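Shown next: upload32.cif, containing mmCIF, C-alpha atoms and all ligand atoms.
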data_query
#
loop_
_atom_site.label_atom_id
_atom_site.label_comp_id
_atom_site.auth_asym_id
_atom_site.auth_seq_id
_atom_site.Cartn_x
_atom_site.Cartn_y
_atom_site.Cartn_z
CA ALA A 787 31.39 -6.80 80.11
CA SER A 788 32.31 -9.36 82.76
CA GLY A 789 30.99 -7.34 85.66
CA ASP A 790 29.78 -10.39 87.56
CA ALA A 791 33.12 -11.49 88.91
CA LEU A 792 32.87 -9.03 91.79
CA GLY A 793 29.80 -10.80 93.08
CA ALA A 794 26.72 -8.69 93.42
CA SER A 795 24.52 -7.66 90.54
CA GLY A 796 23.33 -4.11 90.01
CA ASP A 797 25.03 -1.09 88.63
CA ALA A 798 26.62 0.47 91.68
CA LEU A 799 29.87 0.76 89.77
CA ALA A 800 28.34 2.05 86.58
CA PRO A 801 29.72 5.36 85.36
CA GLN A 802 27.64 8.49 85.21
CA SER A 803 27.34 8.59 81.47
CA ALA A 804 27.05 5.73 79.05
CA PRO A 805 30.26 4.91 77.21
CA ASP A 806 30.42 6.07 73.64
CA ASP A 807 33.04 7.26 71.22
CA SER A 808 32.91 10.93 72.06
CA VAL A 809 35.97 12.63 73.43
CA LEU A 810 36.09 13.26 77.16
CA VAL A 811 39.62 14.57 77.64
CA ARG A 812 41.46 16.77 75.20
CA ALA A 813 44.95 17.92 76.19
CA ARG A 814 47.23 19.72 73.76
CA GLY A 815 50.80 20.87 74.04
CA ILE A 816 51.06 20.38 77.79
CA ARG A 817 54.35 21.72 79.15
CA LYS A 818 55.69 21.74 82.67
CA THR A 819 59.00 22.81 84.14
CA PHE A 820 60.09 22.12 87.72
CA GLY A 821 62.95 24.35 88.79
CA GLY A 822 64.59 24.54 85.39
CA ASN A 823 63.88 20.88 84.62
CA GLU A 824 61.49 20.61 81.67
CA VAL A 825 59.48 17.57 82.63
CA LEU A 826 56.70 17.77 80.02
CA ARG A 827 57.66 19.09 76.63
CA GLY A 828 54.41 19.33 74.72
CA VAL A 829 52.14 16.39 75.48
CA ASP A 830 48.95 15.77 73.49
CA LEU A 831 46.44 13.36 74.92
CA GLU A 832 42.91 12.52 73.91
CA VAL A 833 40.71 10.13 75.83
CA ARG A 834 37.30 9.04 74.58
CA ARG A 835 34.45 8.14 76.90
CA GLY A 836 34.74 4.56 78.03
CA GLU A 837 38.32 4.31 76.89
CA VAL A 838 41.21 3.00 79.00
CA VAL A 839 44.55 4.65 78.36
CA ALA A 840 47.71 3.23 79.92
CA LEU A 841 50.65 5.60 80.37
CA ILE A 842 53.94 3.73 80.38
CA GLY A 843 57.54 4.85 80.28
CA PRO A 844 60.74 5.01 82.30
CA SER A 845 60.80 6.43 85.78
CA GLY A 846 60.97 10.23 85.60
CA SER A 847 59.52 10.43 82.08
CA GLY A 848 56.62 12.59 83.28
CA LYS A 849 53.76 10.09 83.55
CA THR A 850 52.61 11.15 87.00
CA THR A 851 52.86 14.81 86.08
CA VAL A 852 50.55 14.22 83.11
CA LEU A 853 48.08 12.43 85.36
CA ARG A 854 48.17 15.09 88.06
CA SER A 855 47.70 17.81 85.44
CA LEU A 856 44.43 16.19 84.34
CA ASN A 857 43.19 16.39 87.92
CA GLY A 858 44.29 19.96 88.67
CA LEU A 859 46.83 18.72 91.23
CA GLU A 860 49.60 20.06 89.01
CA THR A 861 49.35 23.21 86.93
CA PRO A 862 51.12 23.06 83.56
CA ASP A 863 52.99 26.13 82.34
CA ALA A 864 51.49 25.94 78.87
CA GLY A 865 49.09 23.96 76.78
CA GLU A 866 45.35 23.50 76.66
CA LEU A 867 43.17 21.11 78.60
CA GLU A 868 39.49 20.45 78.30
CA ILE A 869 37.41 17.88 80.10
CA VAL A 870 34.44 18.02 77.78
CA GLY A 871 31.51 19.68 79.48
CA GLY A 872 33.86 21.91 81.45
CA PRO A 873 35.92 24.95 80.54
CA ARG A 874 38.76 24.80 78.06
CA ILE A 875 41.80 25.89 80.03
CA ASP A 876 44.69 27.67 78.36
CA PHE A 877 47.46 27.37 80.92
CA ALA A 878 49.79 29.94 79.39
CA ALA A 879 47.03 32.53 79.21
CA GLN A 880 45.57 31.86 82.65
CA ARG A 881 48.42 32.38 85.06
CA PRO A 882 47.99 32.03 87.91
CA LEU A 883 45.30 29.46 87.21
CA PRO A 884 42.03 30.62 88.80
CA LYS A 885 40.77 28.41 91.61
CA ALA A 886 37.53 27.88 89.72
CA ALA A 887 39.41 26.33 86.81
CA ARG A 888 41.33 24.02 89.11
CA TYR A 889 38.14 22.97 90.87
CA ALA A 890 36.45 22.42 87.51
CA LEU A 891 39.16 19.87 86.72
CA ARG A 892 39.22 18.32 90.16
CA ASP A 893 35.47 17.79 90.17
CA ARG A 894 35.48 15.73 86.98
CA SER A 895 37.98 13.07 87.93
CA ALA A 896 39.12 11.04 90.91
CA MET A 897 42.61 9.81 91.58
CA VAL A 898 43.71 6.51 93.02
CA PHE A 899 47.17 7.01 94.45
CA GLN A 900 50.13 4.68 94.71
CA HIS A 901 49.76 4.79 98.46
CA HIS A 902 46.05 4.66 99.16
CA ASN A 903 46.15 7.92 101.19
CA LEU A 904 43.30 6.82 103.45
CA PHE A 905 42.77 8.86 106.60
CA PRO A 906 44.16 6.63 109.38
CA HIS A 907 41.83 7.94 112.09
CA MET A 908 38.66 7.30 110.07
CA THR A 909 36.86 4.04 109.44
CA VAL A 910 36.54 2.63 105.94
CA LEU A 911 33.03 4.04 105.61
CA GLN A 912 34.05 7.47 106.89
CA ASN A 913 36.92 7.52 104.42
CA VAL A 914 34.62 6.71 101.54
CA ILE A 915 31.86 9.21 102.35
CA GLU A 916 34.19 12.08 103.28
CA GLY A 917 34.52 13.36 99.70
CA PRO A 918 30.88 12.94 98.68
CA VAL A 919 29.63 14.64 101.85
CA GLN A 920 32.24 17.38 102.28
CA VAL A 921 33.11 18.18 98.67
CA ARG A 922 30.08 17.06 96.68
CA ARG A 923 27.54 18.05 99.39
CA MET A 924 25.74 14.73 99.10
CA PRO A 925 23.33 13.98 101.99
CA ARG A 926 25.08 11.69 104.47
CA ALA A 927 22.42 8.96 104.26
CA ASP A 928 22.70 8.82 100.46
CA ALA A 929 26.49 8.83 100.58
CA THR A 930 26.44 6.00 103.13
CA ALA A 931 24.08 3.85 101.07
CA HIS A 932 26.17 4.42 97.96
CA ALA A 933 29.39 3.66 99.84
CA GLU A 934 27.97 0.42 101.23
CA ALA A 935 26.94 -0.70 97.75
CA LEU A 936 30.39 0.06 96.37
CA LEU A 937 32.16 -1.69 99.24
CA ALA A 938 29.98 -4.74 98.68
CA ARG A 939 30.93 -4.79 95.02
CA VAL A 940 34.63 -5.02 95.84
CA GLY A 941 34.06 -7.61 98.56
CA LEU A 942 34.61 -5.29 101.51
CA ALA A 943 31.10 -4.89 102.93
CA GLU A 944 32.12 -6.38 106.26
CA LYS A 945 35.07 -3.96 106.58
CA ARG A 946 32.81 -0.92 106.73
CA ASP A 947 33.69 -0.08 110.33
CA ALA A 948 37.32 -1.20 110.25
CA TYR A 949 40.21 1.23 110.35
CA PRO A 950 42.77 1.26 107.55
CA PHE A 951 45.50 -0.30 109.74
CA GLU A 952 43.28 -3.33 110.22
CA LEU A 953 43.24 -4.04 106.48
CA SER A 954 45.77 -5.67 104.17
CA GLY A 955 47.48 -3.47 101.61
CA GLY A 956 45.27 -4.89 98.87
CA GLN A 957 42.14 -4.19 100.88
CA GLN A 958 43.33 -0.67 101.61
CA GLN A 959 43.89 -0.05 97.93
CA ARG A 960 40.44 -1.43 97.08
CA VAL A 961 39.00 1.06 99.59
CA GLY A 962 41.05 3.73 97.81
CA ILE A 963 39.34 2.73 94.57
CA VAL A 964 35.91 2.76 96.19
CA ARG A 965 36.64 6.21 97.57
CA ALA A 966 37.37 7.43 94.06
CA LEU A 967 34.22 5.78 92.67
CA ALA A 968 32.09 7.33 95.40
CA LEU A 969 32.82 10.74 93.91
CA GLU A 970 31.03 9.60 90.73
CA PRO A 971 33.72 11.07 88.50
CA ASP A 972 33.66 11.07 84.73
CA LEU A 973 37.29 10.03 84.71
CA LEU A 974 39.28 7.69 86.94
CA LEU A 975 43.00 8.30 87.27
CA PHE A 976 45.32 5.61 88.63
CA ASP A 977 48.87 6.47 89.63
CA GLU A 978 50.79 3.20 89.83
CA PRO A 979 48.02 1.68 91.93
CA THR A 980 49.85 -1.58 92.66
CA SER A 981 53.49 -0.58 92.89
CA ALA A 982 53.43 -0.22 96.69
CA LEU A 983 51.82 -3.64 97.20
CA ASP A 984 53.35 -6.97 98.07
CA PRO A 985 53.32 -9.13 94.94
CA GLU A 986 50.65 -11.49 96.25
CA LEU A 987 48.24 -8.57 96.73
CA VAL A 988 48.62 -7.08 93.26
CA GLY A 989 46.13 -9.43 91.59
CA GLU A 990 43.10 -8.52 93.69
CA VAL A 991 43.58 -4.82 92.93
CA LEU A 992 44.20 -5.32 89.22
CA ARG A 993 41.08 -7.49 89.08
CA VAL A 994 38.95 -4.64 90.41
CA ILE A 995 40.48 -2.19 87.92
CA LYS A 996 39.85 -4.64 85.09
CA GLU A 997 36.21 -4.92 86.21
CA LEU A 998 35.83 -1.17 86.07
CA ALA A 999 37.34 -1.09 82.60
CA ASP A 1000 34.92 -3.77 81.44
CA GLU A 1001 32.04 -1.77 82.88
CA GLY A 1002 32.87 1.20 80.72
CA TRP A 1003 34.63 3.58 83.05
CA THR A 1004 36.95 6.04 81.40
CA MET A 1005 40.39 5.69 82.90
CA VAL A 1006 43.97 6.79 82.59
CA ILE A 1007 46.38 4.42 84.31
CA VAL A 1008 50.04 5.01 85.00
CA THR A 1009 51.50 1.58 85.43
CA HIS A 1010 54.65 -0.52 85.37
CA GLU A 1011 52.53 -3.65 84.97
CA LEU A 1012 52.94 -4.06 81.26
CA ALA A 1013 51.08 -7.36 81.11
CA PHE A 1014 48.17 -5.66 82.81
CA ALA A 1015 48.35 -2.64 80.52
CA ARG A 1016 48.25 -4.98 77.58
CA GLN A 1017 45.20 -6.74 78.95
CA VAL A 1018 43.16 -3.74 80.02
CA ALA A 1019 44.10 -0.77 77.85
CA ASP A 1020 42.49 0.34 74.62
CA GLU A 1021 45.45 2.58 73.96
CA VAL A 1022 48.97 2.52 75.33
CA VAL A 1023 50.95 5.74 75.43
CA PHE A 1024 54.72 5.52 75.77
CA LEU A 1025 56.28 8.59 77.33
CA ASP A 1026 60.01 9.24 77.46
CA GLY A 1027 61.78 12.44 78.42
CA GLY A 1028 58.55 14.41 78.66
CA VAL A 1029 57.30 13.63 75.15
CA ILE A 1030 55.01 10.97 73.79
CA VAL A 1031 57.28 8.78 71.71
CA GLU A 1032 54.66 6.36 70.52
CA ARG A 1033 51.06 5.41 71.07
CA GLY A 1034 48.85 2.67 69.82
CA ALA A 1035 46.73 -0.37 70.50
CA PRO A 1036 48.47 -2.67 72.97
CA ALA A 1037 48.63 -5.55 70.52
CA THR A 1038 50.60 -3.38 68.12
CA LEU A 1039 52.72 -1.34 70.51
CA PHE A 1040 53.89 -4.28 72.59
CA THR A 1041 54.62 -6.63 69.72
CA ALA A 1042 55.68 -4.34 66.91
CA PRO A 1043 56.76 -0.95 68.26
CA ARG A 1044 57.74 1.49 65.55
CA GLU A 1045 60.22 3.52 67.55
CA GLU A 1046 63.63 2.39 68.69
CA ARG A 1047 63.14 4.04 72.10
CA THR A 1048 59.95 2.09 72.67
CA ARG A 1049 61.67 -1.11 71.66
CA ARG A 1050 64.54 -0.53 74.07
CA PHE A 1051 62.16 0.22 76.93
CA LEU A 1052 60.09 -2.88 76.27
CA ASP A 1053 63.16 -5.08 75.82
CA ARG A 1054 64.30 -4.18 79.29
CA LEU A 1055 60.95 -5.04 80.87
CA LEU A 1056 59.37 -7.85 78.88
P1 LIG A 1101 57.16 9.45 86.22
O1 LIG A 1101 55.76 9.40 86.76
O2 LIG A 1101 57.23 9.09 84.78
O3 LIG A 1101 58.13 8.69 87.06
P2 LIG A 1101 57.09 12.18 87.16
O4 LIG A 1101 56.01 12.88 86.43
O5 LIG A 1101 56.79 11.70 88.55
O6 LIG A 1101 57.62 10.97 86.27
O7 LIG A 1101 58.37 13.10 87.26
C1 LIG A 1101 59.03 13.60 86.15
C2 LIG A 1101 60.19 14.48 86.61
O8 LIG A 1101 59.66 15.61 87.28
C3 LIG A 1101 61.09 13.79 87.59
O9 LIG A 1101 62.41 14.17 87.27
C4 LIG A 1101 60.67 14.35 88.93
O10 LIG A 1101 61.75 14.39 89.80
C5 LIG A 1101 60.24 15.74 88.55
N1 LIG A 1101 59.19 16.25 89.45
C6 LIG A 1101 57.94 15.76 89.58
N2 LIG A 1101 57.22 16.47 90.46
C7 LIG A 1101 58.04 17.44 90.92
C8 LIG A 1101 57.90 18.51 91.85
N3 LIG A 1101 56.76 18.73 92.51
N4 LIG A 1101 58.97 19.30 92.07
C9 LIG A 1101 60.15 19.11 91.42
N5 LIG A 1101 60.33 18.12 90.53
C10 LIG A 1101 59.31 17.30 90.27
#
Is it possible to give me this structure as structure tokens?
Ligand code: ADP
Amino acid sequence: ASGDALGASGDALAPQSAPDDSVLVRARGIRKTFGGNEVLRGVDLEVRRGEVVALIGPSGSGKTTVLRSLNGLETPDAGELEIVGGPRIDFAAQRPLPKAARYALRDRSAMVFQHHNLFPHMTVLQNVIEGPVQVRRMPRADATAHAEALLARVGLAEKRDAYPFELSGGQQQRVGIVRALALEPDLLLFDEPTSALDPELVGEVLRVIKELADEGWTMVIVTHELAFARQVADEVVFLDGGVIVERGAPATLFTAPREERTRRFLDRLL
């Protein structure tokens, strides 16, 4: 791990459970149709604890829908999903999906959105502690101390009382990451976390994500930054037309893809 690059020592960013090889996420046969448009056509995904999975693929291939399904923000029509330790959900059998099942998913992961989605009328600190206090019922003093430690780790301690509009896009997105970390999730989900940023601000956000990967967080990242995916991911999953066309270690998938569709996609971007 190269966790020192963010400055402070300590384990404020350390995940809840130590990384190991056991499976954390098990999704099988995930299907989703939007208004007659079959967007996911049987997606299998397994993520081990401490693993970083990058989801790549053309726009509209279903990457975000996969990610949102893991978090309970989207409800698949069919397939099974288990975040180990929680219930195994059979989407076809449980329609409509009970609230408890959706909450069980939501409580295990935290999403970092393309647009940071910070509350504009709240300070940085208020944004970060909102979830822990309101959703997780953490005492405010504890949530504040935790938030301050996390903000310090991403170099934003002095922005505690600033409002989002007073921050750069990169700083806003780093607060978005801290807000996700403050929920102490088992799984971090990133939905194109840098695609709304000016190019010169991308690096500072990717650096934080790389730090988290090195520290053993389990993450699924939807990204167009193929160089970054190659650097940070343990496994790259290439989605096209709602199916997983190919998956593998980045060194293999990026240099010697087996499938013609993967090759064509990479040729256009690399
Ligand atoms: P990607 O992340 O790979 O760009 P998405 O998962 O965002 O793909 O979207 C896949 C397809 O599903 C797209 O055609 C998109 O328009 C459609 N889609 C996604 N969400 C919705 C929704 N809530 N309602 C209708 N169509 C949707």
Distance query 12 Å from (34.7, 13.8, 98.6) using all atoms listed in the file, result as JSON, numbers by chain: {"A": [892, 893, 894, 895, 896, 897, 912, 913, 914, 915, 916, 917, 918, 919, 920, 921, 922, 923, 924, 925, 926, 929, 933, 962, 964, 965, 966, 967, 968, 969, 970, 971]}
Output file for the residues above (C-alpha atoms, as an mmCIF file, in the coordinates of the input):
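Output file selection.cif follows:
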data_model
loop_
_atom_site.group_PDB
_atom_site.id
_atom_site.type_symbol
_atom_site.label_atom_id
_atom_site.label_comp_id
_atom_site.auth_asym_id
_atom_site.auth_seq_id
_atom_site.Cartn_x
_atom_site.Cartn_y
_atom_site.Cartn_z
ATOM 1 C CA ARG A 892 39.220 18.320 90.160
ATOM 2 C CA ASP A 893 35.470 17.790 90.170
ATOM 3 C CA ARG A 894 35.480 15.730 86.980
ATOM 4 C CA SER A 895 37.980 13.070 87.930
ATOM 5 C CA ALA A 896 39.120 11.040 90.910
ATOM 6 C CA MET A 897 42.610 9.810 91.580
ATOM 7 C CA GLN A 912 34.050 7.470 106.890
ATOM 8 C CA ASN A 913 36.920 7.520 104.420
ATOM 9 C CA VAL A 914 34.620 6.710 101.540
ATOM 10 C CA ILE A 915 31.860 9.210 102.350
ATOM 11 C CA GLU A 916 34.190 12.080 103.280
ATOM 12 C CA GLY A 917 34.520 13.360 99.700
ATOM 13 C CA PRO A 918 30.880 12.940 98.680
ATOM 14 C CA VAL A 919 29.630 14.640 101.850
ATOM 15 C CA GLN A 920 32.240 17.380 102.280
ATOM 16 C CA VAL A 921 33.110 18.180 98.670
ATOM 17 C CA ARG A 922 30.080 17.060 96.680
ATOM 18 C CA ARG A 923 27.540 18.050 99.390
ATOM 19 C CA MET A 924 25.740 14.730 99.100
ATOM 20 C CA PRO A 925 23.330 13.980 101.990
ATOM 21 C CA ARG A 926 25.080 11.690 104.470
ATOM 22 C CA ALA A 929 26.490 8.830 100.580
ATOM 23 C CA ALA A 933 29.390 3.660 99.840
ATOM 24 C CA GLY A 962 41.050 3.730 97.810
ATOM 25 C CA VAL A 964 35.910 2.760 96.190
ATOM 26 C CA ARG A 965 36.640 6.210 97.570
ATOM 27 C CA ALA A 966 37.370 7.430 94.060
ATOM 28 C CA LEU A 967 34.220 5.780 92.670
ATOM 29 C CA ALA A 968 32.090 7.330 95.400
ATOM 30 C CA LEU A 969 32.820 10.740 93.910
ATOM 31 C CA GLU A 970 31.030 9.600 90.730
ATOM 32 C CA PRO A 971 33.720 11.070 88.500
#
Do you know which residues are within 7 Å of ligand LIG 1101 (chain A) using all atoms listed in the file? Can you write them as a PDB file with C-alpha atoms, keeping the file's coordinate frame?
ATOM      1  CA  PHE A 820      60.090  22.120  87.720  1.00  0.00           C
ATOM      2  CA  GLY A 821      62.950  24.350  88.790  1.00  0.00           C
ATOM      3  CA  VAL A 825      59.480  17.570  82.630  1.00  0.00           C
ATOM      4  CA  GLY A 843      57.540   4.850  80.280  1.00  0.00           C
ATOM      5  CA  PRO A 844      60.740   5.010  82.300  1.00  0.00           C
ATOM      6  CA  SER A 845      60.800   6.430  85.780  1.00  0.00           C
ATOM      7  CA  GLY A 846      60.970  10.230  85.600  1.00  0.00           C
ATOM      8  CA  SER A 847      59.520  10.430  82.080  1.00  0.00           C
ATOM      9  CA  GLY A 848      56.620  12.590  83.280  1.00  0.00           C
ATOM     10  CA  LYS A 849      53.760  10.090  83.550  1.00  0.00           C
ATOM     11  CA  THR A 850      52.610  11.150  87.000  1.00  0.00           C
ATOM     12  CA  THR A 851      52.860  14.810  86.080  1.00  0.00           C
ATOM     13  CA  VAL A 852      50.550  14.220  83.110  1.00  0.00           C
TER      14      VAL A 852
END
Neighbour list for Arg812 of chain A as a list of chain:residue names, cut-off 10 Å, all atoms listed in the file, skip fewer than 2 positions in-chain: A:Val809, A:Leu810, A:Arg814, A:Asp830, A:Leu831, A:Glu832, A:Val833, A:Arg834, A:Leu856, A:Glu866, A:Leu867, A:Glu868, A:Ile869, A:Val870, A:Arg874
Distance query Asp876 of chain A at most 12 Å, all atoms listed in the file, self and fewer than 4 positions along chain excluded, as an NGL selection string: :A and (812-817 or 861-868 or 880-884 or 887-888)
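Of the listed residues (A:Ile1030, A:Leu1039, A:Leu942, A:Ala999), A:Leu1039 comes nearest to Arg1016 of chain A; the distances count only C-alpha atoms.
What separates atom CA of Val988 of chain A from atom CA of Leu826 of chain A is a distance of 29.3 Å.
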Residue neighbourhood segment 898-911 of chain A, 8 Å, all atoms listed in the file, exclusion window fewer than 5 positions, as a ChimeraX atom specification: /A:930,933-934,945-951,958-959,961-963,966,974-982
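For the atom pair formed by atom CA of Ala1019 of chain A and atom CA of Val1006 of chain A, the distance is 8.9 Å, given to one decimal.
Among the candidates A:Val940, A:Ile1007, A:Ala890, A:Leu841, the residue lying nearest to Gly858 of chain A is A:Ala890 (atoms considered: all atoms listed in the file).
Among the candidate residues A:Glu837, A:Ile842, A:Arg1047, A:Gly955, the one lying nearest to Leu998 of chain A is A:Glu837, with distances computed using all atoms listed in the file.
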Best match for closeness to Ala1035 of chain A among A:Ser954, A:Gln1017, A:Thr1009, A:Thr1004, counting all atoms listed in the file: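 Closest candidate: A:Gln1017.
Ranking A:Gly828, A:Gly836, A:Gly822, A:Gly1027 by their shortest atom-to-atom distance to Asp972 of chain A, with all atoms listed in the file included, puts A:Gly836 first.
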Would you kindly return, as a short mmCIF file (atom, residue, chain, number, x, y, z; two decimals) with C-alpha atoms, keeping the file's coordinate frame, each protein, DNA or RNA residue with an atom no farther than 7 Å from any atom of Gly956 of chain A, considering only C-alpha atoms and excluding same-chain residues fewer than 4 positions away?
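This is the output file out.cif:
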data_model
loop_
_atom_site.label_atom_id
_atom_site.label_comp_id
_atom_site.auth_asym_id
_atom_site.auth_seq_id
_atom_site.Cartn_x
_atom_site.Cartn_y
_atom_site.Cartn_z
CA ARG A 960 40.44 -1.43 97.08
CA LEU A 983 51.82 -3.64 97.20
CA LEU A 987 48.24 -8.57 96.73
CA VAL A 988 48.62 -7.08 93.26
CA GLU A 990 43.10 -8.52 93.69
CA VAL A 991 43.58 -4.82 92.93
#
Between atom CA of Glu997 of chain A and atom CA of Asp1053 of chain A - distance in Å to one decimal: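 Between atom CA of Asp1053 of chain A and atom CA of Glu997 of chain A the gap is 28.9 Å.
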For segment 972-987 of chain A, take all atoms listed in the file, fit an axis-aligned box around them, add 4 Å to each of the six sides, then output centre and edge lengths in Å rounded to one decimal, as JSON.
{"center_x": 43.6, "center_y": -0.2, "center_z": 91.4, "size_x": 27.8, "size_y": 30.6, "size_z": 21.4}
For Val1023 of chain A, the nearest of the candidates A:Arg854, A:Glu860, A:Thr1048, A:Gly1002, counting only C-alpha atoms: A:Thr1048
Output of segment 986-1033 of chain A limited to C-alpha atoms, as an mmCIF file, in the first residue's frame:
data_model
loop_
_atom_site.group_PDB
_atom_site.id
_atom_site.type_symbol
_atom_site.label_atom_id
_atom_site.label_comp_id
_atom_site.auth_asym_id
_atom_site.auth_seq_id
_atom_site.Cartn_x
_atom_site.Cartn_y
_atom_site.Cartn_z
ATOM 1 C CA GLU A 986 -6.651 19.558 -15.056
ATOM 2 C CA LEU A 987 -8.765 18.459 -12.077
ATOM 3 C CA VAL A 988 -9.030 14.788 -13.020
ATOM 4 C CA GLY A 989 -5.661 13.803 -11.557
ATOM 5 C CA GLU A 990 -6.349 14.856 -7.975
ATOM 6 C CA VAL A 991 -9.542 12.791 -7.896
ATOM 7 C CA LEU A 992 -8.000 9.725 -9.522
ATOM 8 C CA ARG A 993 -5.132 9.949 -7.036
ATOM 9 C CA VAL A 994 -7.558 9.685 -4.118
ATOM 10 C CA ILE A 995 -9.329 6.720 -5.710
ATOM 11 C CA LYS A 996 -5.989 5.016 -6.317
ATOM 12 C CA GLU A 997 -5.106 5.563 -2.644
ATOM 13 C CA LEU A 998 -8.327 3.891 -1.583
ATOM 14 C CA ALA A 999 -7.629 0.965 -3.878
ATOM 15 C CA ASP A 1000 -4.161 0.580 -2.410
ATOM 16 C CA GLU A 1001 -5.634 0.629 1.081
ATOM 17 C CA GLY A 1002 -7.797 -2.362 0.326
ATOM 18 C CA TRP A 1003 -11.229 -0.903 -0.272
ATOM 19 C CA THR A 1004 -13.520 -2.988 -2.410
ATOM 20 C CA MET A 1005 -14.668 -0.939 -5.355
ATOM 21 C CA VAL A 1006 -16.548 -1.080 -8.600
ATOM 22 C CA ILE A 1007 -15.680 1.798 -10.912
ATOM 23 C CA VAL A 1008 -17.465 2.782 -14.085
ATOM 24 C CA THR A 1009 -14.932 4.757 -16.041
ATOM 25 C CA HIS A 1010 -13.903 6.034 -19.447
ATOM 26 C CA GLU A 1011 -10.375 6.568 -18.158
ATOM 27 C CA LEU A 1012 -8.852 3.430 -19.573
ATOM 28 C CA ALA A 1013 -5.315 4.298 -18.496
ATOM 29 C CA PHE A 1014 -6.618 4.697 -14.973
ATOM 30 C CA ALA A 1015 -8.596 1.465 -15.134
ATOM 31 C CA ARG A 1016 -5.465 -0.295 -16.245
ATOM 32 C CA GLN A 1017 -3.506 1.155 -13.361
ATOM 33 C CA VAL A 1018 -5.995 0.612 -10.564
ATOM 34 C CA ALA A 1019 -8.185 -2.375 -11.423
ATOM 35 C CA ASP A 1020 -7.633 -5.991 -10.500
ATOM 36 C CA GLU A 1021 -10.240 -6.989 -13.026
ATOM 37 C CA VAL A 1022 -11.633 -5.156 -16.028
ATOM 38 C CA VAL A 1023 -15.109 -6.025 -17.237
ATOM 39 C CA PHE A 1024 -16.082 -5.018 -20.769
ATOM 40 C CA LEU A 1025 -19.803 -4.563 -21.242
ATOM 41 C CA ASP A 1026 -21.465 -4.100 -24.608
ATOM 42 C CA GLY A 1027 -25.160 -4.203 -25.413
ATOM 43 C CA GLY A 1028 -26.111 -5.289 -21.902
ATOM 44 C CA VAL A 1029 -23.868 -8.352 -21.765
ATOM 45 C CA ILE A 1030 -20.373 -8.908 -20.467
ATOM 46 C CA VAL A 1031 -18.337 -9.559 -23.581
ATOM 47 C CA GLU A 1032 -15.029 -10.112 -21.881
ATOM 48 C CA ARG A 1033 -13.356 -9.813 -18.514
#
